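Engineer: Got data04.cif for you, mmCIF, C-alpha atoms and all ligand atoms:
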data_input
#
loop_
_atom_site.label_atom_id
_atom_site.label_comp_id
_atom_site.auth_asym_id
_atom_site.auth_seq_id
_atom_site.Cartn_x
_atom_site.Cartn_y
_atom_site.Cartn_z
CA MET N 165 -25.06 20.86 38.35
CA LYS N 166 -26.95 23.27 36.06
CA THR N 167 -30.72 22.94 35.75
CA ASN N 168 -32.52 23.10 32.39
CA ASN N 169 -29.23 22.13 30.78
CA ARG N 170 -30.23 19.56 28.16
CA TYR N 171 -29.65 20.68 24.58
CA LYS N 172 -30.22 19.42 21.07
CA ILE N 173 -28.44 20.77 17.97
CA ILE N 174 -30.16 20.49 14.58
CA THR N 175 -27.73 21.10 11.72
CA PHE N 176 -28.58 22.20 8.18
CA GLY N 177 -26.11 22.64 5.32
CA CYS N 178 -22.53 21.78 4.56
CA GLN N 179 -19.64 20.00 6.29
CA MET N 180 -18.47 23.35 7.69
CA ASN N 181 -21.76 23.58 9.58
CA LEU N 182 -21.37 19.99 10.81
CA ALA N 183 -17.88 20.88 12.04
CA ASP N 184 -19.15 24.06 13.73
CA SER N 185 -21.94 22.08 15.41
CA GLY N 186 -19.34 19.58 16.66
CA SER N 187 -17.23 22.40 18.17
CA LEU N 188 -20.31 24.03 19.70
CA ALA N 189 -21.43 20.71 21.21
CA ALA N 190 -17.98 20.16 22.76
CA LEU N 191 -18.05 23.68 24.23
CA MET N 192 -21.58 23.16 25.58
CA ASN N 193 -20.50 19.91 27.21
CA ILE N 194 -17.46 21.36 28.95
CA SER N 195 -19.66 24.25 30.11
CA GLY N 196 -21.97 21.84 31.97
CA TYR N 197 -24.70 21.28 29.35
CA GLU N 198 -25.81 17.84 28.27
CA ALA N 199 -26.64 16.71 24.70
CA ILE N 200 -29.87 14.72 24.27
CA GLU N 201 -31.61 13.26 21.23
CA SER N 202 -35.20 14.33 21.86
CA GLU N 203 -36.31 17.79 20.74
CA GLU N 204 -39.39 17.53 22.96
CA GLU N 205 -37.30 16.92 26.07
CA ALA N 206 -34.48 19.36 25.32
CA ASP N 207 -34.36 22.59 27.35
CA ILE N 208 -32.39 24.35 24.62
CA ILE N 209 -32.88 23.70 20.91
CA ILE N 210 -30.13 25.08 18.69
CA ILE N 211 -30.60 25.29 14.91
CA ASN N 212 -27.39 25.72 12.92
CA THR N 213 -28.57 27.20 9.63
CA CYS N 214 -27.60 27.35 5.96
CA SER N 215 -28.12 30.27 3.55
CA VAL N 216 -26.66 28.82 0.40
CA ARG N 217 -30.07 28.51 -1.29
CA GLU N 218 -33.52 29.91 -0.61
CA LYS N 219 -34.87 26.38 -0.21
CA ALA N 220 -32.46 25.74 2.69
CA GLU N 221 -33.66 28.92 4.41
CA GLU N 222 -37.32 28.00 3.95
CA ARG N 223 -36.64 24.59 5.50
CA VAL N 224 -35.28 26.34 8.59
CA PHE N 225 -38.36 28.57 8.83
CA GLY N 226 -40.50 25.43 8.50
CA ARG N 227 -38.60 23.82 11.37
CA LEU N 228 -38.96 26.98 13.47
CA GLY N 229 -42.71 26.83 12.81
CA ASP N 230 -42.78 23.28 14.25
CA LEU N 231 -40.80 24.44 17.29
CA SER N 232 -43.26 27.25 18.06
CA ARG N 233 -45.73 24.57 19.20
CA ILE N 234 -43.18 23.02 21.58
CA LYS N 235 -42.33 26.50 22.86
CA LYS N 236 -46.01 27.32 23.51
CA GLU N 237 -46.30 24.21 25.66
CA ASN N 238 -43.11 25.02 27.54
CA SER N 239 -42.13 28.67 27.53
CA PHE N 240 -38.96 27.94 29.57
CA LYS N 241 -37.54 26.12 26.61
CA LYS N 242 -34.96 28.23 24.75
CA ILE N 243 -34.76 28.32 20.96
CA VAL N 244 -31.43 29.41 19.51
CA VAL N 245 -30.65 30.11 15.85
CA VAL N 246 -26.97 30.17 14.85
CA GLY N 247 -24.91 30.20 11.63
CA CYS N 248 -25.36 31.65 8.16
CA MET N 249 -29.06 32.64 8.35
CA ALA N 250 -28.52 34.16 11.77
CA GLN N 251 -25.72 36.21 10.24
CA ARG N 252 -27.71 37.25 7.19
CA MET N 253 -31.23 37.86 8.40
CA ALA N 254 -31.48 38.16 12.17
CA GLU N 255 -34.25 40.77 11.92
CA LYS N 256 -36.30 38.67 9.53
CA ILE N 257 -35.97 35.64 11.83
CA LEU N 258 -37.30 37.67 14.77
CA GLU N 259 -40.11 39.01 12.58
CA ARG N 260 -41.19 35.54 11.40
CA ALA N 261 -40.35 33.65 14.59
CA PRO N 262 -40.56 36.14 17.50
CA TYR N 263 -40.34 33.27 19.99
CA VAL N 264 -36.64 32.69 19.12
CA ASP N 265 -34.55 33.53 22.20
CA ILE N 266 -31.00 33.89 20.91
CA ILE N 267 -29.58 34.57 17.43
CA LEU N 268 -25.83 34.17 16.90
CA GLY N 269 -23.95 34.71 13.62
CA THR N 270 -21.27 32.44 12.19
CA ASP N 271 -18.44 33.77 14.42
CA GLN N 272 -20.58 34.36 17.52
CA MET N 273 -22.17 30.94 17.96
CA PHE N 274 -19.39 29.86 20.29
CA ALA N 275 -20.47 32.56 22.77
CA LEU N 276 -23.62 30.53 23.42
CA PRO N 277 -22.61 28.79 26.68
CA SER N 278 -21.67 32.11 28.32
CA LEU N 279 -24.86 33.81 27.06
CA LEU N 280 -26.97 30.98 28.45
CA ASP N 281 -25.13 31.31 31.77
CA SER N 282 -25.79 35.06 31.98
CA ASP N 283 -29.04 36.53 33.27
CA ASN N 284 -29.58 38.63 30.15
CA HIS N 285 -33.14 38.90 28.92
CA THR N 286 -33.89 37.48 25.52
CA PRO N 287 -34.01 37.92 22.61
CA GLN N 288 -30.29 38.41 22.19
CA VAL N 289 -28.67 38.96 18.79
CA LYS N 290 -24.92 38.91 18.11
CA THR N 291 -23.56 38.95 14.58
CA GLU N 292 -20.12 40.63 14.71
CA PHE N 293 -17.31 38.86 12.88
CA GLY N 294 -14.40 37.83 15.12
CA PHE N 295 -11.95 34.96 15.12
CA GLU N 296 -12.55 32.22 17.67
CA GLU N 297 -9.58 30.17 18.90
CA PHE N 298 -10.20 27.02 20.93
CA ASP N 299 -6.99 25.31 21.80
CA ASP N 300 -8.28 22.80 24.26
CA ILE N 301 -11.40 21.27 22.81
CA THR N 302 -11.77 18.20 20.68
CA PRO N 303 -14.97 18.80 18.68
CA ASN N 304 -17.75 16.22 18.86
CA ARG N 305 -18.29 14.24 15.68
CA ASP N 306 -20.83 11.97 14.02
CA TYR N 307 -18.41 9.17 13.13
CA LYS N 308 -16.05 7.40 15.46
CA TYR N 309 -13.13 7.02 13.08
CA SER N 310 -13.32 10.14 10.92
CA ALA N 311 -13.59 13.82 11.74
CA PHE N 312 -13.72 17.28 10.17
CA VAL N 313 -11.04 19.81 11.03
CA THR N 314 -11.75 23.43 10.12
CA ILE N 315 -8.45 25.01 9.03
CA MET N 316 -9.78 28.38 7.93
CA ARG N 317 -12.97 30.42 7.97
CA GLY N 318 -14.48 32.86 5.50
CA CYS N 319 -13.78 33.61 1.86
CA ASN N 320 -12.32 36.55 -0.11
CA ASN N 321 -13.44 35.49 -3.55
CA PHE N 322 -16.93 36.91 -3.95
CA CYS N 323 -18.02 34.64 -6.80
CA THR N 324 -21.03 36.58 -8.03
CA TYR N 325 -23.62 33.88 -7.21
CA CYS N 326 -22.37 33.07 -3.73
CA ILE N 327 -23.55 34.33 -0.35
CA VAL N 328 -20.71 32.76 1.67
CA PRO N 329 -18.33 35.78 1.86
CA TYR N 330 -21.21 37.87 3.23
CA VAL N 331 -22.20 35.38 5.91
CA ARG N 332 -18.80 34.01 6.86
CA GLY N 333 -16.60 37.10 6.49
CA ARG N 334 -13.04 37.33 5.17
CA GLU N 335 -10.48 34.51 5.11
CA ARG N 336 -8.80 33.71 8.42
CA SER N 337 -6.54 30.68 8.85
CA TYR N 338 -6.02 28.76 12.07
CA SER N 339 -2.36 28.28 13.03
CA VAL N 340 -0.51 25.11 12.03
CA ALA N 341 0.13 24.43 15.74
CA LYS N 342 -3.56 24.68 16.63
CA ILE N 343 -4.54 22.34 13.78
CA ILE N 344 -1.90 19.78 14.84
CA ASN N 345 -3.16 20.08 18.41
CA GLN N 346 -6.72 19.38 17.34
CA ILE N 347 -5.70 16.40 15.20
CA ASN N 348 -3.67 14.99 18.12
CA GLY N 349 -6.85 15.20 20.22
CA PHE N 350 -8.74 13.30 17.53
CA THR N 351 -6.12 10.57 17.04
CA ALA N 352 -5.94 10.04 20.82
CA ASP N 353 -9.68 9.43 20.61
CA GLY N 354 -9.39 6.81 17.85
CA VAL N 355 -9.85 8.93 14.71
CA LYS N 356 -8.06 7.51 11.65
CA GLU N 357 -9.15 9.92 8.91
CA ILE N 358 -9.58 13.69 8.89
CA THR N 359 -11.07 16.03 6.32
CA LEU N 360 -9.59 19.52 6.43
CA LEU N 361 -12.25 22.13 5.77
CA GLY N 362 -12.21 25.63 4.35
CA GLN N 363 -14.19 27.51 1.70
CA ASN N 364 -10.95 27.65 -0.26
CA VAL N 365 -8.26 25.55 1.42
CA ASN N 366 -5.76 26.41 -1.31
CA SER N 367 -5.47 29.95 0.03
CA TYR N 368 -4.65 28.75 3.57
CA ASP N 369 -1.98 31.06 5.00
CA ASP N 370 -0.60 30.93 8.53
CA GLU N 371 1.88 33.82 8.51
CA GLY N 372 3.42 32.68 5.25
CA HIS N 373 2.95 28.95 5.81
CA LYS N 374 0.77 27.85 2.90
CA PHE N 375 -1.46 24.84 2.36
CA PRO N 376 1.19 22.42 0.96
CA TYR N 377 3.36 23.17 4.04
CA LEU N 378 0.42 22.44 6.34
CA LEU N 379 -0.29 19.13 4.59
CA LYS N 380 3.34 18.06 4.86
CA ARG N 381 3.46 18.93 8.56
CA LEU N 382 0.25 16.98 9.22
CA ALA N 383 1.60 13.96 7.33
CA ASP N 384 4.97 14.10 9.14
CA ASP N 385 4.06 15.28 12.63
CA THR N 386 0.75 13.59 13.49
CA ASP N 387 -0.38 9.97 13.81
CA ILE N 388 -3.40 10.48 11.58
CA LYS N 389 -3.58 7.73 8.92
CA ARG N 390 -5.62 9.38 6.17
CA ILE N 391 -5.96 13.04 5.21
CA ARG N 392 -8.55 14.62 2.90
CA PHE N 393 -9.44 18.24 2.25
CA MET N 394 -12.09 20.37 0.66
CA THR N 395 -12.84 22.71 -1.07
CA SER N 396 -10.14 23.71 -3.57
CA HIS N 397 -10.42 26.75 -5.81
CA PRO N 398 -8.86 26.18 -9.25
CA LYS N 399 -7.27 29.65 -9.25
CA ASP N 400 -5.02 28.73 -6.28
CA LEU N 401 -4.22 25.09 -7.02
CA SER N 402 -0.42 25.21 -7.09
CA ASP N 403 2.20 22.83 -8.48
CA GLN N 404 3.53 22.47 -4.91
CA LEU N 405 0.14 21.19 -3.78
CA ILE N 406 0.08 18.63 -6.60
CA GLU N 407 3.62 17.53 -5.65
CA VAL N 408 2.64 17.02 -1.99
CA LEU N 409 -0.51 15.15 -3.01
CA ALA N 410 1.57 12.88 -5.24
CA SER N 411 4.31 12.19 -2.70
CA GLU N 412 2.54 11.83 0.67
CA SER N 413 0.84 8.46 1.06
CA LYS N 414 -1.35 9.74 3.91
CA LEU N 415 -3.04 12.16 1.49
CA MET N 416 -5.99 10.43 -0.14
CA PRO N 417 -6.10 10.53 -3.97
CA HIS N 418 -9.17 12.74 -4.22
CA ILE N 419 -9.75 16.38 -5.03
CA HIS N 420 -13.01 18.30 -5.07
CA LEU N 421 -12.40 21.06 -7.60
CA PRO N 422 -15.51 23.09 -8.50
CA LEU N 423 -15.61 23.96 -12.21
CA GLN N 424 -19.11 25.56 -12.13
CA SER N 425 -19.31 26.11 -15.93
CA GLY N 426 -17.49 25.02 -19.07
CA SER N 427 -18.09 28.40 -20.74
CA ASP N 428 -15.47 31.14 -20.30
CA SER N 429 -18.00 33.94 -20.63
CA ILE N 430 -20.14 32.44 -17.87
CA LEU N 431 -17.05 31.81 -15.70
CA LYS N 432 -16.20 35.49 -16.15
CA ARG N 433 -19.69 36.60 -15.12
CA MET N 434 -19.43 34.25 -12.12
CA LYS N 435 -16.07 35.95 -11.28
CA ARG N 436 -14.36 32.59 -11.02
CA VAL N 437 -11.12 34.16 -12.43
CA TYR N 438 -9.96 31.10 -14.39
CA THR N 439 -10.73 29.84 -17.86
CA TYR N 440 -11.94 26.41 -18.83
CA SER N 441 -8.59 25.66 -20.49
CA HIS N 442 -6.74 26.54 -17.25
CA TYR N 443 -9.04 24.16 -15.38
CA LEU N 444 -8.56 21.43 -17.97
CA GLU N 445 -4.76 21.83 -17.71
CA LEU N 446 -4.99 21.41 -13.92
CA THR N 447 -6.92 18.16 -14.25
CA LYS N 448 -4.31 16.86 -16.72
CA LYS N 449 -1.47 17.73 -14.34
CA LEU N 450 -3.32 16.10 -11.44
CA ARG N 451 -3.91 12.88 -13.39
CA LYS N 452 -0.34 12.78 -14.68
CA SER N 453 1.10 13.13 -11.17
CA ILE N 454 -1.51 11.00 -9.35
CA PRO N 455 -2.87 8.47 -11.89
CA ASN N 456 -5.50 7.03 -9.51
CA ILE N 457 -6.87 10.43 -8.42
CA SER N 458 -10.59 10.87 -8.24
CA ILE N 459 -11.76 14.33 -9.36
CA THR N 460 -15.17 15.58 -8.27
CA THR N 461 -16.77 18.93 -8.98
CA ASP N 462 -19.68 21.37 -8.65
CA LEU N 463 -21.60 22.55 -11.73
CA ILE N 464 -24.28 25.24 -12.04
CA VAL N 465 -26.69 25.44 -14.97
CA GLY N 466 -28.96 28.32 -15.96
CA PHE N 467 -26.73 31.14 -14.68
CA PRO N 468 -27.92 34.55 -15.98
CA SER N 469 -27.23 34.91 -19.73
CA GLU N 470 -26.27 31.20 -20.14
CA THR N 471 -27.13 30.29 -23.73
CA GLU N 472 -27.72 26.81 -25.12
CA LYS N 473 -24.15 27.02 -26.48
CA ASP N 474 -22.72 27.89 -23.05
CA PHE N 475 -24.59 24.96 -21.56
CA GLU N 476 -23.25 22.64 -24.27
CA LYS N 477 -19.73 23.71 -23.25
CA THR N 478 -20.48 22.57 -19.68
CA LEU N 479 -21.76 19.24 -21.02
CA GLU N 480 -18.65 18.91 -23.17
CA ALA N 481 -16.42 19.75 -20.19
CA ALA N 482 -18.08 17.05 -18.08
CA LYS N 483 -17.47 14.50 -20.85
CA THR N 484 -13.90 15.61 -21.60
CA ILE N 485 -12.75 15.75 -17.98
CA SER N 486 -14.78 12.71 -16.98
CA PHE N 487 -15.47 13.64 -13.36
CA ASP N 488 -15.87 10.80 -10.89
CA SER N 489 -18.96 12.56 -9.58
CA ALA N 490 -20.49 16.01 -9.48
CA PHE N 491 -22.85 18.11 -7.39
CA MET N 492 -25.13 19.72 -9.96
CA PHE N 493 -27.46 22.64 -9.32
CA ARG N 494 -29.72 24.98 -11.22
CA TYR N 495 -28.98 28.61 -10.56
CA SER N 496 -31.20 30.43 -8.09
CA VAL N 497 -30.86 34.08 -7.08
CA ARG N 498 -29.37 34.84 -3.67
CA PRO N 499 -30.42 38.35 -2.66
CA GLY N 500 -27.40 40.40 -1.64
CA THR N 501 -24.98 38.80 -4.11
CA ALA N 502 -23.61 40.56 -7.20
CA ALA N 503 -25.46 38.15 -9.51
CA ALA N 504 -28.77 39.20 -7.94
CA ARG N 505 -28.38 42.38 -10.00
CA PHE N 506 -28.15 40.37 -13.24
CA ILE N 507 -31.34 39.54 -15.12
CA ASP N 508 -32.27 35.96 -14.23
CA ASP N 509 -33.16 35.33 -17.85
CA VAL N 510 -33.02 31.55 -18.23
CA PRO N 511 -36.61 30.32 -17.75
CA GLU N 512 -37.12 27.89 -14.87
CA SER N 513 -38.33 25.16 -17.27
CA GLU N 514 -35.12 25.53 -19.30
CA LYS N 515 -32.97 25.37 -16.14
CA ILE N 516 -34.70 22.14 -15.14
CA LYS N 517 -34.25 20.70 -18.62
CA ARG N 518 -30.53 21.55 -18.67
CA LEU N 519 -30.02 20.19 -15.17
CA ASN N 520 -31.72 16.90 -16.04
CA THR N 521 -29.64 16.56 -19.21
CA LEU N 522 -26.44 17.19 -17.25
CA ILE N 523 -27.41 14.75 -14.50
CA GLU N 524 -28.04 12.02 -17.09
CA VAL N 525 -24.68 12.63 -18.77
CA GLN N 526 -22.82 12.67 -15.44
CA LYS N 527 -24.63 9.54 -14.25
CA LYS N 528 -23.28 7.66 -17.27
CA ILE N 529 -19.77 9.01 -16.74
CA SER N 530 -19.83 8.06 -13.02
CA PHE N 531 -21.04 4.59 -14.01
CA GLU N 532 -18.18 4.15 -16.47
CA LYS N 533 -15.62 5.52 -14.00
CA ASN N 534 -16.88 3.15 -11.30
CA GLN N 535 -16.93 0.21 -13.72
CA SER N 536 -13.26 0.86 -14.42
CA GLU N 537 -12.56 0.20 -10.70
CA ILE N 538 -13.72 -3.42 -11.03
CA GLY N 539 -10.85 -5.81 -10.37
CA LYS N 540 -8.79 -3.20 -8.50
CA VAL N 541 -7.87 -3.59 -4.85
CA GLN N 542 -8.69 -0.50 -2.78
CA SER N 543 -7.51 0.59 0.63
CA VAL N 544 -10.67 1.27 2.63
CA LEU N 545 -11.35 2.75 6.07
CA VAL N 546 -14.23 0.65 7.39
CA ASP N 547 -16.61 3.03 9.13
CA GLY N 548 -19.62 0.89 10.03
CA TYR N 549 -22.51 -1.22 8.80
CA SER N 550 -24.18 -0.56 5.47
CA LYS N 551 -27.80 0.60 5.54
CA ARG N 552 -28.58 -2.72 3.84
CA GLY N 553 -28.08 -4.60 7.07
CA GLU N 554 -25.42 -5.91 9.36
CA GLU N 555 -23.98 -8.48 6.98
CA TYR N 556 -22.56 -5.65 4.85
CA LEU N 557 -19.89 -3.23 6.02
CA LYS N 558 -19.25 0.11 4.38
CA GLY N 559 -16.26 2.33 3.96
CA LYS N 560 -14.64 4.94 1.75
CA THR N 561 -11.94 4.28 -0.79
CA GLY N 562 -8.99 6.66 -1.16
CA GLY N 563 -10.92 8.27 -4.02
CA ALA N 564 -13.84 8.98 -1.62
CA LYS N 565 -16.15 6.38 -3.17
CA THR N 566 -18.50 4.45 -0.94
CA ILE N 567 -17.82 0.71 -1.04
CA LEU N 568 -19.96 -2.08 0.47
CA PHE N 569 -18.68 -5.56 1.25
CA PRO N 570 -19.50 -8.54 3.48
CA GLY N 571 -17.49 -8.65 6.71
CA ASN N 572 -17.46 -8.88 10.49
CA ALA N 573 -17.93 -6.01 12.92
CA ASP N 574 -14.49 -6.56 14.44
CA ILE N 575 -12.83 -4.79 11.49
CA ILE N 576 -14.90 -1.58 11.86
CA GLY N 577 -12.38 1.22 12.33
CA ASP N 578 -9.59 -0.66 10.51
CA GLU N 579 -7.99 0.11 7.18
CA CYS N 580 -8.59 -2.94 4.98
CA TYR N 581 -8.01 -4.00 1.40
CA VAL N 582 -11.12 -4.65 -0.65
CA ASN N 583 -11.27 -6.04 -4.17
CA VAL N 584 -13.93 -4.25 -6.24
CA THR N 585 -16.28 -6.81 -7.80
CA SER N 586 -19.14 -4.67 -9.17
CA ALA N 587 -20.27 -1.06 -9.36
CA ASP N 588 -23.14 1.26 -10.23
CA SER N 589 -23.09 5.05 -10.68
CA TRP N 590 -22.98 5.77 -6.94
CA THR N 591 -21.48 2.80 -5.09
CA LEU N 592 -18.79 0.14 -5.41
CA HIS N 593 -19.25 -3.41 -4.13
CA GLY N 594 -16.40 -5.71 -3.18
CA LYS N 595 -14.81 -8.54 -1.26
CA LEU N 596 -12.28 -8.31 1.53
CA VAL N 597 -8.77 -9.33 0.56
CA GLU N 598 -7.36 -11.58 3.30
S1 LIG Z 601 -14.81 30.52 -3.56
FE1 LIG Z 601 -16.64 31.43 -4.48
S2 LIG Z 601 -18.17 29.77 -4.35
FE2 LIG Z 601 -16.55 29.26 -2.89
S3 LIG Z 601 -17.23 30.13 -0.95
FE3 LIG Z 601 -15.91 31.67 -1.90
S4 LIG Z 601 -17.33 32.99 -3.02
FE4 LIG Z 601 -18.45 31.11 -2.54
#
Could the structure of this file be written out as structure tokens, please?
Structural biologist:
Amino acid sequence: MKTNNRYKIITFGCQMNLADSGSLAALMNISGYEAIESEEEADIIIINTCSVREKAEERVFGRLGDLSRIKKENSFKKIVVVGCMAQRMAEKILERAPYVDIILGTDQMFALPSLLDSDNHTPQVKTEFGFEEFDDITPNRDYKYSAFVTIMRGCNNFCTYCIVPYVRGRERSYSVAKIINQINGFTADGVKEITLLGQNVNSYDDEGHKFPYLLKRLADDTDIKRIRFMTSHPKDLSDQLIEVLASESKLMPHIHLPLQSGSDSILKRMKRVYTYSHYLELTKKLRKSIPNISITTDLIVGFPSETEKDFEKTLEAAKTISFDSAFMFRYSVRPGTAAARFIDDVPESEKIKRLNTLIEVQKKISFEKNQSEIGKVQSVLVDGYSKRGEEYLKGKTGGAKTILFPGNADIIGDECYVNVTSADSWTLHGKLVE
């Protein structure tokens, strides 16, 4: 048995980071390390970091500041930083937090168990890109009945505002066989729903086998009950994908399709390589083929050179397309991206004003969309108790909406039918259908 083997992973950022943390935890466990909840008692504290916005990076530095106290009291404790910030700014991390022992970039984090086993002196820094294949591990997960499955890593698109291609490298797809293998591991362990993850799942390519092929194989050749995926880039959303979505009942009727802006000139400066009318056409095709589909999106306001008119086009797009929900952000410069060379000319106060206006408009749209669900019966995977208390259960509808309803614990983990009885902008409420 190893000594000083208890570890704690703290995860910042997106689902991809949650999935990476789950894989890292599984690897740590099979290498003889033991996960514990308490940071104070852990021998190894691992922070999986996010670089998508400056705020996220500052939160990590804040957390590292807190950990310096724990480290002073116990210098045997190891502090490890992995993920996007480790990839992007290893030197800066060592400068601001010299007590960090190991820094591992996005493709190197899985080397952690062997580095901990070696007698190498710290600090150690590894940030090379390289593809990791794990055929035999079933990643840890936060929920018993649903899991993330990473199907590809990296991105080739270089949208001008985005740091991801620099911190996660070029696109690499896992093989269809490996993905099936991982899903089989999950279903054997009780998982009913998976979410396939990639920065741009629509460009998945396993030696010529594209994303619609993968989806069909997963629907046909695994026992998984419900399949979701994210994120889709509008430039690669093919008719074949829409056909598979429409015909396979295991594929949930939801697509997250980032629009980012309703203005073509801003889309061009963002290097999104589609126009608003192309995007609009896609949403029409999706709704024609899958009438109950829920469409969610990402929108950025205050991108360099965005005029009031450009912003109005985004507002108009939100109203015309009527998104079920949206993640909305105000633009902030990411050093190292192409847009960092543009003049950040929309004043902060104007960005805040535009963001608030957009949020209000979207809130109304989400309310109306959710109201239109009232009276409909939804298939729901029940994933646990609501935060409101144990008399309410919660689950996700096919359209990825959270629904709360009274029920007994013995149906947690089941797929049930729930009649929607009321709704606000964020949540549906309902009653179990016997
Ligand atoms: S598609 Fe664009 S926004 Fe998405 S990860 Fe790649 S570069 Fe970033």
Engineer: Give as an NGL selection string the residues surrounding ligand LIG 601 (chain Z) up to a distance of 6 Å, considering all atoms listed in the file.
Structural biologist: :N and (319 or 321-323 or 326 or 328-329 or 363-364)
Engineer: Go through N:Glu555, N:Glu357, N:Asp370, N:Glu198 and flag the residue nearest Asn168 (chain N), using all atoms listed in the file for the distances.
Structural biologist: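 Among the listed residues, N:Glu198 lies closest to Asn168 (chain N).
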Engineer: Compile the contact shell of region 209-215 of chain N as a ChimeraX atom specification: residues with an atom at most 9 Å away, counting all atoms listed in the file, same-chain residues fewer than 4 positions apart removed.
Structural biologist: /N:170-178,181-182,184-185,203,219-221,224,227-228,231,241-250,252,273,327-328,331,498
Engineer: Suppose you want the space between CA of Gly372 (chain N) and CA of Arg317 (chain N); what is it in Å?
Structural biologist: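 The value is 16.8 Å.
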Engineer: With all atoms listed in the file as the counted atoms, please give the residues lying no more than 7 Å from Gln542 (chain N), apart from itself and same-chain residues fewer than 4 positions off, as a PyMOL selection string.
Structural biologist: chain N and resi 561+581-583
Engineer: Excluding Trp590 (chain N) and its own-chain neighbours fewer than 6 positions away, which residues fall within 12 Å of it when counting all atoms listed in the file? Please give them as a tab-separated table (two decimals) with C-alpha atoms, keeping the file's coordinate frame.
Structural biologist:
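Done, and the output landed in selection-v4.tsv:
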chain	number	residue	atom	x	y	z
N	488	ASP	CA	-15.87	10.80	-10.89
N	489	SER	CA	-18.96	12.56	-9.58
N	490	ALA	CA	-20.49	16.01	-9.48
N	526	GLN	CA	-22.82	12.67	-15.44
N	527	LYS	CA	-24.63	9.54	-14.25
N	528	LYS	CA	-23.28	7.66	-17.27
N	529	ILE	CA	-19.77	9.01	-16.74
N	530	SER	CA	-19.83	8.06	-13.02
N	531	PHE	CA	-21.04	4.59	-14.01
N	532	GLU	CA	-18.18	4.15	-16.47
N	533	LYS	CA	-15.62	5.52	-14.00
N	534	ASN	CA	-16.88	3.15	-11.30
N	535	GLN	CA	-16.93	0.21	-13.72
N	564	ALA	CA	-13.84	8.98	-1.62
N	565	LYS	CA	-16.15	6.38	-3.17
N	566	THR	CA	-18.50	4.45	-0.94
N	567	ILE	CA	-17.82	0.71	-1.04
N	568	LEU	CA	-19.96	-2.08	0.47
Engineer: Restricting the calculation to all atoms listed in the file, which member of N:Lys517, N:His397, N:Lys389, N:Arg223 is positioned closest to Tyr368 (chain N)?
Structural biologist: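 Result for the nearest residue to Tyr368 (chain N): N:His397.
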Engineer: Do you know which residues are at most 9 Å from Ser550 (chain N) counting only C-alpha atoms, after dropping those on the same chain fewer than 3 positions away, and could you put them as a compact mmCIF listing (two decimals) with C-alpha atoms, keeping the file's coordinate frame?
Structural biologist:
# COMPACT_ATOMS: atom_id res chain seq x y z
CA GLY N 553 -28.08 -4.60 7.07
CA GLU N 554 -25.42 -5.91 9.36
CA GLU N 555 -23.98 -8.48 6.98
CA TYR N 556 -22.56 -5.65 4.85
CA LEU N 557 -19.89 -3.23 6.02
CA LYS N 558 -19.25 0.11 4.38
CA GLY N 559 -16.26 2.33 3.96
CA LEU N 568 -19.96 -2.08 0.47
CA PHE N 569 -18.68 -5.56 1.25
Engineer: I'd like to know which of N:Glu537, N:Gly426, N:Tyr443, N:Tyr197 is closest to Ala482 (chain N), using all atoms listed in the file.
Structural biologist: N:Gly426
Engineer: Quick one, how far is CA of Ser232 (chain N) from CA of Asn304 (chain N)?
Structural biologist: 27.8 Å
Engineer: Measuring between all atoms listed in the file, which one of N:Ile507, N:Val355, N:Ala410, N:Ile347 shows the shortest distance to Leu382 (chain N)?
Structural biologist: N:Ile347
Engineer: Could I get region 453-461 of chain N rebuilt with N, CA and C atoms, written as a compact mmCIF listing (two decimals), in the frame of the given file?
Structural biologist:
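Written out: rebuild-v9.txt:
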# COMPACT_ATOMS: atom_id res chain seq x y z
N SER N 453 0.31 13.32 -12.40
CA SER N 453 1.10 13.13 -11.17
C SER N 453 0.50 12.07 -10.26
N ILE N 454 -0.84 11.95 -10.27
CA ILE N 454 -1.51 11.00 -9.35
C ILE N 454 -2.51 10.20 -10.21
N PRO N 455 -2.02 9.14 -10.89
CA PRO N 455 -2.87 8.47 -11.89
C PRO N 455 -4.20 7.95 -11.33
N ASN N 456 -4.24 7.59 -10.04
CA ASN N 456 -5.50 7.03 -9.51
C ASN N 456 -6.38 8.10 -8.85
N ILE N 457 -6.10 9.39 -9.13
CA ILE N 457 -6.87 10.43 -8.42
C ILE N 457 -8.32 10.46 -8.87
N SER N 458 -9.18 10.70 -7.91
CA SER N 458 -10.59 10.87 -8.24
C SER N 458 -10.86 12.38 -8.20
N ILE N 459 -11.49 12.88 -9.28
CA ILE N 459 -11.76 14.33 -9.36
C ILE N 459 -13.27 14.53 -9.34
N THR N 460 -13.73 15.29 -8.36
CA THR N 460 -15.17 15.58 -8.27
C THR N 460 -15.35 17.09 -8.40
N THR N 461 -16.58 17.51 -8.67
CA THR N 461 -16.77 18.93 -8.98
C THR N 461 -18.16 19.43 -8.62
